[in-house]
Number of protein chains: 2
Amino acid sequence: MSGLEAKRLSLNTATVREQWTLAECIDGCQRHGIGGIAPWRDKLHEMGVSAAARAIRSAGLTVTGLCRGGWFTERGAIDRETIDDNRRAVDEAAELDAACLVMVVGGLARDSRDLHGAWALVEEGLARTLEYARTVNMPVAIEPLHPMYAADRACVNTMRQALDICDRLGPGIGCAVDVYHVWWDFELATQLERAGPERILAFHLCDWLVPTRDLLTDRGMMGDGVIDLRGLRGLVEANGFTGLGEVEIFSSRDWWTRAPDVVLSTMIERGRTVC
Amino acid sequence: MSGLEAKRLSLNTATVREQWTLAECIDGCQRHGIGGIAPWRDKLHEMGVSAAARAIRSAGLTVTGLCRGGWFTERGAIDRETIDDNRRAVDEAAELDAACLVMVVGGLARDSRDLHGAWALVEEGLARTLEYARTVNMPVAIEPLHPMYAADRACVNTMRQALDICDRLGPGIGCAVDVYHVWWDFELATQLERAGPERILAFHLCDWLVPTRDLLTDRGMMGDGVIDLRGLRGLVEANGFTGLGEVEIFSSRDWWTRAPDVVLSTMIERGRTVC
């Protein structure tokens, strides 16, 4: 199994979020021969959705996902504002011709310890968003986040849990598989097999550093941590995933402080050698 | 459901590890009317096992567990030294008449990304330890640690994973259920039911703080975080657990810096009000 060449990588804009605008990310991907991009909505809105869609198309980039919809627990109820924001996210993903809309579903509601209540809100929010997403053929991707984010970011924390939700909600919804969040799970291989090609909608790359000095912003460049990246890529591909490897690194101490062209050339080198 | 009175609490010595010796912990528990204690082996060795056993017995304290055996991946193989150290831990637990020997199984071997290899080492180490523990009737308790410790402390990270191992190894082995490690798991209720009274060997209490500022030493006093402690206690008791609630708080910024009598009186108050 050979590594991932640049054209089989996608740049998630979070990786250089402190350095580059979306326009600069698009330009950077084109210069470095990177095959795809995954914008975050804040950068997308800054540039304007239509302008971004045109620039991405003209650069010949695949959009591996739009980050992100979700946050269903934020307001303690699935209200009109939450539904509308998620519908807008679906529309934006469709305008970009994204492979999926990535959902970070939300953690516990504010001042709440009610995890069962949070799970119910999340499932309701996903169902409502999916209903709309089906009308525009936009796949919805639940991203199970690492259990250390259960309280404040996402209360869906394993592939099994995400796929149970997918089973209940039916077609049009699957998972974004981020190695950082799922690498530790003894059930990962069986759950990826259960997911199959229809439900592995994205594959995110970074690495788990030892020690990890911050719960959110101390993720590693591929190869600098302990995740068996080539093994995990083998697993998703054995289960039918044919998309790009999307590099998403939150790194306030390291990669967010470096020259972005160095970040891109490093991710390309590591894609070849360790992914 | 009323709270846990002092006599239904146990002090894990890690909670005041920076302030007190084991002798001081025993004395503190007695003065505060706390029903049990769970020593760590470093403090136990300082005091001497026989002296500690006598002092604990004469203070009328239950030993809810000995922390800890395990670390099976540390040396990359289950060698004589690893086996012998775990046998000594079993003997110490037996001398203390502990409810169980708590196992922190170890993470990835040094410089390894081979999680499957780590799982195999852990199961071999547990099987070898269990074989000996059965001869002295000492229950072995796998403590599934939070997935954020998979790399460097324990590669058994859910109740399901721990119980799968227990199923394969047979009688004499169960789980130590620590709310900090398992509270987020959507399968917790079903897995506790699967465990049953024979395999819920310990119940550890603290809280998950938001934000959590350090992966290891920023655990909260009960009530200061987001875990539904009374709900979880209800679950373990509904599944037959009748032991004490063992308070184990790693807190370098807060509880490790306070007067230990204040720590104990606070844990007693919180036991009554939130556990």
# chains A, B, ... in the order shown; residues from 1 in each chain; ligands from 1
>>> closest_atom_pairs(of="chain B", to="chain A", cutoff="8 Å", atoms="only C-alpha atoms", output="tab-separated table")
residue	atom	partner	partner_atom	distance
B:Ser112	CA	A:Val226	CA	7.1
B:Arg113	CA	A:Val226	CA	5.1
B:Asp114	CA	A:Asp228	CA	7.1
B:Leu115	CA	A:Trp184	CA	7.8
B:His146	CA	A:Pro147	CA	7.7
B:Pro147	CA	A:Trp184	CA	6.5
B:Met148	CA	A:Met148	CA	6.7
B:Ala150	CA	A:Trp184	CA	6.1
B:Ala151	CA	A:Val226	CA	7.2
B:Asp152	CA	A:Val210	CA	7.3
B:Cys155	CA	A:Trp184	CA	7.3
B:Asn157	CA	A:Asp185	CA	7.7
B:Gln161	CA	A:Phe186	CA	7.0
B:Trp184	CA	A:Ala150	CA	6.1
B:Asp185	CA	A:Asn157	CA	7.7
B:Phe186	CA	A:Gln161	CA	7.0
B:Val210	CA	A:Ala151	CA	7.3
B:Thr212	CA	A:Leu215	CA	7.5
B:Arg213	CA	A:Asp214	CA	6.9
B:Asp214	CA	A:Asp214	CA	6.7
B:Leu215	CA	A:Leu215	CA	7.0
B:Val226	CA	A:Arg113	CA	5.1
B:Ile227	CA	A:Arg113	CA	5.9
B:Asp228	CA	A:Arg113	CA	5.5
>>> select_by_dssp(residues="region 2-94 of chain A", states="strand (DSSP E or B)", output="PyMOL selection string")
chain A and resi 9-12+36-38+40+62-63+66-70
>>> write_last_selection(atoms="C-alpha atoms", output="mmCIF file, in the first residue's frame")
data_model
loop_
_atom_site.group_PDB
_atom_site.id
_atom_site.type_symbol
_atom_site.label_atom_id
_atom_site.label_comp_id
_atom_site.auth_asym_id
_atom_site.auth_seq_id
_atom_site.Cartn_x
_atom_site.Cartn_y
_atom_site.Cartn_z
ATOM 1 C CA LEU A 9 -5.269 14.926 -0.046
ATOM 2 C CA SER A 10 -7.717 17.639 0.913
ATOM 3 C CA LEU A 11 -6.949 20.707 3.020
ATOM 4 C CA ASN A 12 -9.415 21.373 5.792
ATOM 5 C CA GLY A 36 -9.377 18.959 -2.439
ATOM 6 C CA ILE A 37 -10.507 21.441 0.148
ATOM 7 C CA ALA A 38 -12.932 21.440 3.077
ATOM 8 C CA TRP A 40 -15.258 25.993 7.484
ATOM 9 C CA THR A 62 -12.935 18.607 -4.894
ATOM 10 C CA VAL A 63 -14.873 19.750 -1.829
ATOM 11 C CA LEU A 66 -18.366 21.587 4.580
ATOM 12 C CA CYS A 67 -17.631 22.145 8.271
ATOM 13 C CA ARG A 68 -20.028 22.301 9.937
ATOM 14 C CA GLY A 69 -23.673 21.980 10.839
ATOM 15 C CA GLY A 70 -25.071 20.697 14.102
#
>>> closest_residue(among="B:Gly106, B:Gly220, B:Gly174, B:Gly33", to="Arg253 (chain B)", atoms="only C-alpha atoms")
B:Gly220
>>> residues_around(residues="region 198-207 of chain B", least_positions_apart="4", cutoff="8 Å", atoms="only C-alpha atoms", output="NGL selection string")
:B and (64-65 or 99-100 or 139 or 141 or 173-180 or 192 or 219-227 or 229 or 236 or 240-241 or 243-249)
>>> write_last_selection(atoms="N, CA, C and O atoms", output="compact mmCIF listing (two decimals), in the first residue's frame")
# COMPACT_ATOMS: atom_id res chain seq x y z
N THR B 64 -11.77 -0.74 49.77
CA THR B 64 -12.61 -0.89 48.57
C THR B 64 -11.80 -1.29 47.34
O THR B 64 -12.39 -1.63 46.31
N GLY B 65 -10.50 -1.25 47.46
CA GLY B 65 -9.67 -1.68 46.34
C GLY B 65 -8.22 -1.33 46.61
O GLY B 65 -7.93 -0.46 47.44
N ALA B 99 -11.46 -5.36 48.51
CA ALA B 99 -12.58 -5.86 47.70
C ALA B 99 -12.10 -6.31 46.32
O ALA B 99 -12.71 -7.18 45.70
N CYS B 100 -11.03 -5.69 45.84
CA CYS B 100 -10.50 -6.07 44.52
C CYS B 100 -9.11 -5.45 44.33
O CYS B 100 -8.73 -4.53 45.05
N PRO B 139 -10.55 -10.83 43.76
CA PRO B 139 -11.15 -10.38 42.50
C PRO B 139 -10.25 -9.37 41.78
O PRO B 139 -9.68 -8.47 42.42
N ALA B 141 -10.07 -6.39 39.06
CA ALA B 141 -10.98 -5.39 38.49
C ALA B 141 -10.29 -4.63 37.37
O ALA B 141 -9.38 -3.84 37.64
N ILE B 173 -12.95 -12.12 37.54
CA ILE B 173 -12.53 -10.83 36.99
C ILE B 173 -13.77 -10.01 36.63
O ILE B 173 -14.77 -10.55 36.16
N GLY B 174 -13.70 -8.71 36.93
CA GLY B 174 -14.81 -7.81 36.64
C GLY B 174 -14.27 -6.42 36.37
O GLY B 174 -13.15 -6.29 35.87
N CYS B 175 -15.05 -5.40 36.70
CA CYS B 175 -14.67 -4.02 36.36
C CYS B 175 -14.71 -3.10 37.57
O CYS B 175 -15.53 -3.25 38.46
N ALA B 176 -13.81 -2.12 37.55
CA ALA B 176 -13.93 -0.96 38.43
C ALA B 176 -14.56 0.14 37.59
O ALA B 176 -14.04 0.50 36.54
N VAL B 177 -15.71 0.62 38.02
CA VAL B 177 -16.47 1.61 37.26
C VAL B 177 -16.18 2.99 37.84
O VAL B 177 -16.59 3.30 38.95
N ASP B 178 -15.43 3.79 37.09
CA ASP B 178 -15.10 5.15 37.53
C ASP B 178 -15.92 6.11 36.67
O ASP B 178 -15.79 6.12 35.44
N VAL B 179 -16.73 6.91 37.33
CA VAL B 179 -17.63 7.81 36.59
C VAL B 179 -16.86 8.69 35.61
O VAL B 179 -17.37 9.01 34.53
N TYR B 180 -15.67 9.10 35.96
CA TYR B 180 -14.88 9.99 35.10
C TYR B 180 -14.59 9.35 33.75
O TYR B 180 -14.57 10.02 32.72
N LEU B 192 -23.66 -2.00 32.13
CA LEU B 192 -23.72 -2.25 33.58
C LEU B 192 -24.70 -3.38 33.88
O LEU B 192 -24.47 -4.20 34.77
N ARG B 219 -9.29 16.75 37.50
CA ARG B 219 -10.59 16.15 37.79
C ARG B 219 -11.27 16.96 38.89
O ARG B 219 -10.62 17.62 39.69
N GLY B 220 -12.59 16.90 38.89
CA GLY B 220 -13.34 17.75 39.80
C GLY B 220 -13.89 17.02 41.01
O GLY B 220 -14.09 15.81 40.99
N MET B 221 -14.13 17.80 42.08
CA MET B 221 -14.91 17.32 43.22
C MET B 221 -16.34 17.06 42.74
O MET B 221 -16.84 17.77 41.87
N MET B 222 -16.97 16.06 43.31
CA MET B 222 -18.34 15.73 42.93
C MET B 222 -19.22 16.98 43.07
O MET B 222 -19.18 17.66 44.09
N GLY B 223 -20.00 17.26 42.04
CA GLY B 223 -20.88 18.42 42.05
C GLY B 223 -20.31 19.61 41.31
O GLY B 223 -21.05 20.52 40.94
N ASP B 224 -19.00 19.63 41.10
CA ASP B 224 -18.39 20.77 40.41
C ASP B 224 -18.35 20.58 38.89
O ASP B 224 -17.90 21.49 38.18
N GLY B 225 -18.77 19.44 38.40
CA GLY B 225 -18.71 19.19 36.96
C GLY B 225 -20.07 18.81 36.40
O GLY B 225 -21.11 19.22 36.94
N VAL B 226 -20.05 18.04 35.33
CA VAL B 226 -21.27 17.81 34.56
C VAL B 226 -21.82 16.38 34.64
O VAL B 226 -22.80 16.05 33.97
N ILE B 227 -21.20 15.53 35.45
CA ILE B 227 -21.66 14.14 35.48
C ILE B 227 -22.91 14.01 36.37
O ILE B 227 -22.96 14.57 37.46
N LEU B 229 -24.13 12.27 38.74
CA LEU B 229 -23.57 11.29 39.68
C LEU B 229 -24.65 10.44 40.34
O LEU B 229 -24.50 9.23 40.48
N VAL B 236 -25.52 1.71 38.98
CA VAL B 236 -24.70 0.61 39.52
C VAL B 236 -25.46 -0.11 40.63
O VAL B 236 -25.40 -1.34 40.73
N GLY B 240 -26.94 -4.21 41.25
CA GLY B 240 -26.50 -5.08 42.33
C GLY B 240 -25.27 -4.64 43.10
O GLY B 240 -24.86 -5.34 44.03
N PHE B 241 -24.69 -3.50 42.75
CA PHE B 241 -23.52 -3.06 43.50
C PHE B 241 -23.94 -2.55 44.86
O PHE B 241 -24.84 -1.71 44.96
N GLY B 243 -21.37 -1.81 47.32
CA GLY B 243 -20.16 -1.31 47.98
C GLY B 243 -20.19 0.19 48.23
O GLY B 243 -21.19 0.88 48.01
N LEU B 244 -19.05 0.69 48.67
CA LEU B 244 -18.92 2.11 48.99
C LEU B 244 -18.61 2.91 47.73
O LEU B 244 -18.12 2.37 46.73
N GLY B 245 -18.90 4.21 47.78
CA GLY B 245 -18.50 5.13 46.71
C GLY B 245 -17.10 5.63 47.01
O GLY B 245 -16.87 6.31 48.01
N GLU B 246 -16.16 5.25 46.15
CA GLU B 246 -14.73 5.56 46.40
C GLU B 246 -14.37 6.86 45.70
O GLU B 246 -14.47 6.97 44.48
N VAL B 247 -13.92 7.84 46.47
CA VAL B 247 -13.63 9.16 45.92
C VAL B 247 -12.17 9.23 45.49
O VAL B 247 -11.26 9.12 46.32
N GLU B 248 -11.97 9.41 44.20
CA GLU B 248 -10.61 9.46 43.63
C GLU B 248 -10.50 10.70 42.75
O GLU B 248 -11.04 10.72 41.65
N ILE B 249 -9.83 11.73 43.24
CA ILE B 249 -9.74 13.00 42.53
C ILE B 249 -8.28 13.37 42.30
O ILE B 249 -7.54 13.60 43.25
>>> residues_around(residues="Met138 (chain B)", least_positions_apart="5", cutoff="7 Å", atoms="only C-alpha atoms", output="VMD selection string")
chain B and resid 90 94 100 133
>>> write_last_selection(atoms="C-alpha atoms", output="JSON list (two decimals), in the first residue's frame")
[["chain", "number", "residue", "atom", "x", "y", "z"],
["B", 90, "VAL", "CA", -2.47, -9.60, 44.42],
["B", 94, "ALA", "CA", -5.23, -10.12, 49.91],
["B", 100, "CYS", "CA", -10.50, -6.07, 44.52],
["B", 133, "ALA", "CA", -5.50, -14.23, 41.96]]
>>> select_by_dssp(residues="region 160-273 of chain B", states="helix (DSSP H, G or I)", output="PyMOL selection string")
chain B and resi 160-169+179-182+188-199+229-238+255-257+260-273
>>> atom_distance(atom1="CA of Glu95 (chain A)", atom2="CA of Phe250 (chain A)")
26.3 Å
>>> residues_around(residues="Arg17 (chain B)", least_positions_apart="2", cutoff="12 Å", atoms="only C-alpha atoms", output="ChimeraX atom specification")
/B:11-15,19-25,38-44,217,248-252,255-260,263
>>> write_last_selection(atoms="C-alpha atoms", output="mmCIF file, in the first residue's frame")
data_model
loop_
_atom_site.group_PDB
_atom_site.id
_atom_site.type_symbol
_atom_site.label_atom_id
_atom_site.label_comp_id
_atom_site.auth_asym_id
_atom_site.auth_seq_id
_atom_site.Cartn_x
_atom_site.Cartn_y
_atom_site.Cartn_z
ATOM 1 C CA LEU B 11 -11.156 7.647 50.390
ATOM 2 C CA ASN B 12 -8.854 6.754 47.534
ATOM 3 C CA THR B 13 -5.477 7.977 48.731
ATOM 4 C CA ALA B 14 -4.828 9.676 45.365
ATOM 5 C CA THR B 15 -7.318 12.355 46.442
ATOM 6 C CA GLN B 19 -0.696 16.068 51.505
ATOM 7 C CA TRP B 20 -1.008 12.834 53.480
ATOM 8 C CA THR B 21 0.790 9.543 54.080
ATOM 9 C CA LEU B 22 -1.293 6.381 54.267
ATOM 10 C CA ALA B 23 -1.187 6.511 58.066
ATOM 11 C CA GLU B 24 -2.585 10.044 57.967
ATOM 12 C CA CYS B 25 -5.264 8.943 55.483
ATOM 13 C CA ALA B 38 -8.396 2.534 48.841
ATOM 14 C CA PRO B 39 -4.602 2.785 49.084
ATOM 15 C CA TRP B 40 -2.197 3.246 46.235
ATOM 16 C CA ARG B 41 0.752 0.930 46.325
ATOM 17 C CA ASP B 42 3.407 3.645 46.642
ATOM 18 C CA LYS B 43 1.880 4.848 49.905
ATOM 19 C CA LEU B 44 1.264 1.274 50.996
ATOM 20 C CA THR B 217 -4.790 16.110 36.852
ATOM 21 C CA GLU B 248 -10.607 9.460 43.635
ATOM 22 C CA ILE B 249 -9.743 13.003 42.528
ATOM 23 C CA PHE B 250 -6.559 13.917 40.634
ATOM 24 C CA SER B 251 -6.412 17.678 41.018
ATOM 25 C CA SER B 252 -3.031 19.382 40.908
ATOM 26 C CA TRP B 255 -7.780 19.712 45.807
ATOM 27 C CA TRP B 256 -4.130 18.659 46.057
ATOM 28 C CA THR B 257 -3.318 22.174 47.274
ATOM 29 C CA ARG B 258 -5.954 22.328 50.030
ATOM 30 C CA ALA B 259 -5.930 21.318 53.668
ATOM 31 C CA PRO B 260 -6.760 17.607 53.582
ATOM 32 C CA VAL B 263 -10.969 17.926 51.215
#
>>> atom_distance(atom1="CA of Gly170 (chain A)", atom2="CA of Ala127 (chain A)")
9.4 Å
>>> atom_distance(atom1="CA of Gly107 (chain B)", atom2="CA of Thr266 (chain A)")
28.2 Å
>>> closest_residue(among="B:Asp91, B:Glu193, B:Glu74, B:Glu123", to="Met159 (chain B)", atoms="only C-alpha atoms")
B:Glu193
